[in-house]
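The next block holds one structure in the form of structure tokens; read it before the comments.
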Amino acid sequence: MKLFNSLTQKIEEFSPIKKGQVLLYTCGPTVYDHVHIGNLRTYVFEDTLRRALKATGYGVKHVMNITDIEDKIFARANQTNQDFKILTAKYEKIFLKDISKIRIDLHESKLIRASQAITEMQELIRQIPNRYIEDDGVYFDIGNYKDYGRFVTLDRSHQHHRINNDEYDKEHVADFALWKAKKPDEPSWDFKIDGKNIEGRPGWHIECSAMSVKYLGQPFDIHTGGVDLKFPHHENEIAQSRAATGKELASFFVHAEHLLVDGRKMSKSLNNFLTLEDVIAKGFDPIALRLLFLQAHYRSQLNFTWDSIGAAQTNLKSLQAFADLRFQTQPGATSTPDDYFTEQQESILADLSNDLATPTALAKLDKIIDLVGSSGVDPTRTLNQLNQFLEFLDLVFGLELLKSNDITPEQKQLITKREEARVSKNWAKADELRQQLKSQKIELNDTELGPIWYRA
Ligand SMILES: [Zn+2]
């Protein structure tokens with residue numbers, strides 16, 4: 001598997017530290033609001049990476065965190081006058097629903113909340129030699145850490161003294177908070193350090209450093225996230241973990257690019273902040289959104305428009321019609337060569353192993369659909385291979401092509417009768433039967449192999 005490593009800015013051959021087992025960490029959501037479709041794009045990329053690693057034969061140990069302690073959470077809880085635990089529980093639930101609607105498979109993944117790893121965070125902070133204590137918390141001294149600036153070029157001449165916020169841009173580079181002293185109306189935990197008790201809570205960056213290593217060890221193989229997390233989040237994660245242990249945090253950092261909406265970055269003020277619910281409310285299938293994401297390479301910006309998801313939904317329909325060919329075999333169909341599907345599967349897997357080239361793989365699929373659609377499916381020669389191929393596609397792309405059922409015997413009979421009417425040139429009867437099928441959302445395509453049905 002080849003992957004673009006943000007640490008080296010190069011495509012590198014990936015091999016795991018432990019043979020056969022990949023240790024993968026992904027930064028999860030901060031649960032104070034709905035995630036937007038840009039976040040979902042990153043999660044779909046991570047899900048696809050996990051699927052591709054499994055399809056190439058690796059075991060994958062995957063950890064995703066749920067950030068339930070963070071600045072924005074407490075701000076929102078105070079604004080809305082509710083306990084932060086009620087707020088985070090609500091949005092964690094919504095997040096998990098969205099994830100399952102877009103077919104992100106977390107059933108083998110470990111989900112961990114920040115509030116469940118406070119002890120590990122405190123232990124990690126104690127191990128960091130270049131830390132210092134101020135009235136408002138414990139800070140990481142970047143002046144005493146040589147390797148700061150792995151993901152961004154920093155102009156240290158304007159370096160600020162220190163920053164307490166979790167999010168800031170590189171123009172505000174400063175010593176950052178590992179632990180924040182208790183503020184009014186915020187929950188807090190005791191923290192014994194250097195003979196003192198600093199009541200407070202962890203900073204966001206230390207959370208991921210501690211949670212990843214708790215389950216994966218250090219170093220682990222791949223750390224993923226959206227490009228917006230490179231600085232300061234991942235930069236600070238690396239600095240803390242390396243300062244504490246002298247070891248790398250992860251061998252690979254892999255980042256997914258932004259999703260734009262109508263050519264602009266998503267924001268609440270531009271009114272282009274879209275959630276999965278907005279997409280569903282417009283009549284689109286969440287799987288069509290998933291397909292739209294896969295049609296772009298994860299390292300390219302993707303511009304979401306209502307037209308683009310419309311096109312993806314049409315494309316999904318043709319993939320589903322392709323899968324429905326398994327219900328309509330024709331004995332003696334010209335059929336595809338014996339090793340055709342095996343070759344196609346290998347070729348698609350090779351694309352995925354090449355830095356997750358999903359657009360190339362999906363373009364191949366369009367050609368396969370054309371060929372199989374025109375050569376037909378023979379029940380003895382091709383059917384098994386087609387079923388196996390569809391199983392493989394579902395495994396790597398998660399589009400659930402094998403979920404559909406066959407049409408009913410009554411519907412099949414209508415198709416047969418309509419074909420008889422057509423052959424005997426009884427056009428009125430043929431048309432009437434076609435309309436009847438249409439009212440049941442079944443369309444017909446007359447081919448050299450006979451009529452092929454598909455769902456409208
Ligand atoms: Zn993180």
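By order in the structure tokens, chains are A, B, ...; within a chain, residues start at 1; ligands start at 1, following the order shown.
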
10 Å shell around ligand 1 using only C-alpha atoms and all ligand atoms, listed as a ChimeraX atom specification: /A:25-30,64-67,204-212,223-226,229-230,233-234,236-237

- prompt: Within 7 Å of A:Ser188, counting only C-alpha atoms, which residues qualify if same-chain residues fewer than 4 places away don't, as a list in words?
  reply: Lys182, Glu199, Gly200 and Arg201 of chain A

Using the selection just defined, write its residues with C-alpha atoms as a PDB file, in the first residue's frame.
```pdb
ATOM      1  CA  LYS A 182     -10.495  25.756  36.294  1.00  0.00           C
ATOM      2  CA  GLU A 199      -7.822  21.841  39.412  1.00  0.00           C
ATOM      3  CA  GLY A 200      -8.862  22.083  35.773  1.00  0.00           C
ATOM      4  CA  ARG A 201      -9.170  20.118  32.556  1.00  0.00           C
TER       5      ARG A 201
END
```

Long-range neighbours of A:Ile102 as a VMD selection string, 10 Å cut-off, only C-alpha atoms, 2 positions minimum in chain: chain A and resid 40 to 41 43 to 44 97 to 100 104 to 105 276 285 to 291 398 to 399

Shortest interatomic distance to A:Thr48 - which of A:Thr360, A:Glu420, A:Gly246, A:Arg103, counting only C-alpha atoms: A:Arg103

task: May I have the residues within 12 Å of A:Asn445 as a ChimeraX atom specification, using only C-alpha atoms and disregarding those fewer than 3 positions away in the same chain?
output: /A:321,373-374,415,419,434,438,442,448-456

query: Out of stretch 334-395 of chain A, which residues get alpha helix (DSSP H) from DSSP, as a ChimeraX atom specification?
result: /A:340-353,358-375,383-395

- prompt: What is the distance, in Å and to one decimal place, between atom CA of A:Gln79 and atom CA of A:Gln116?
  reply: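 Pair atom CA of A:Gln79 / atom CA of A:Gln116 returns 24.8 Å.
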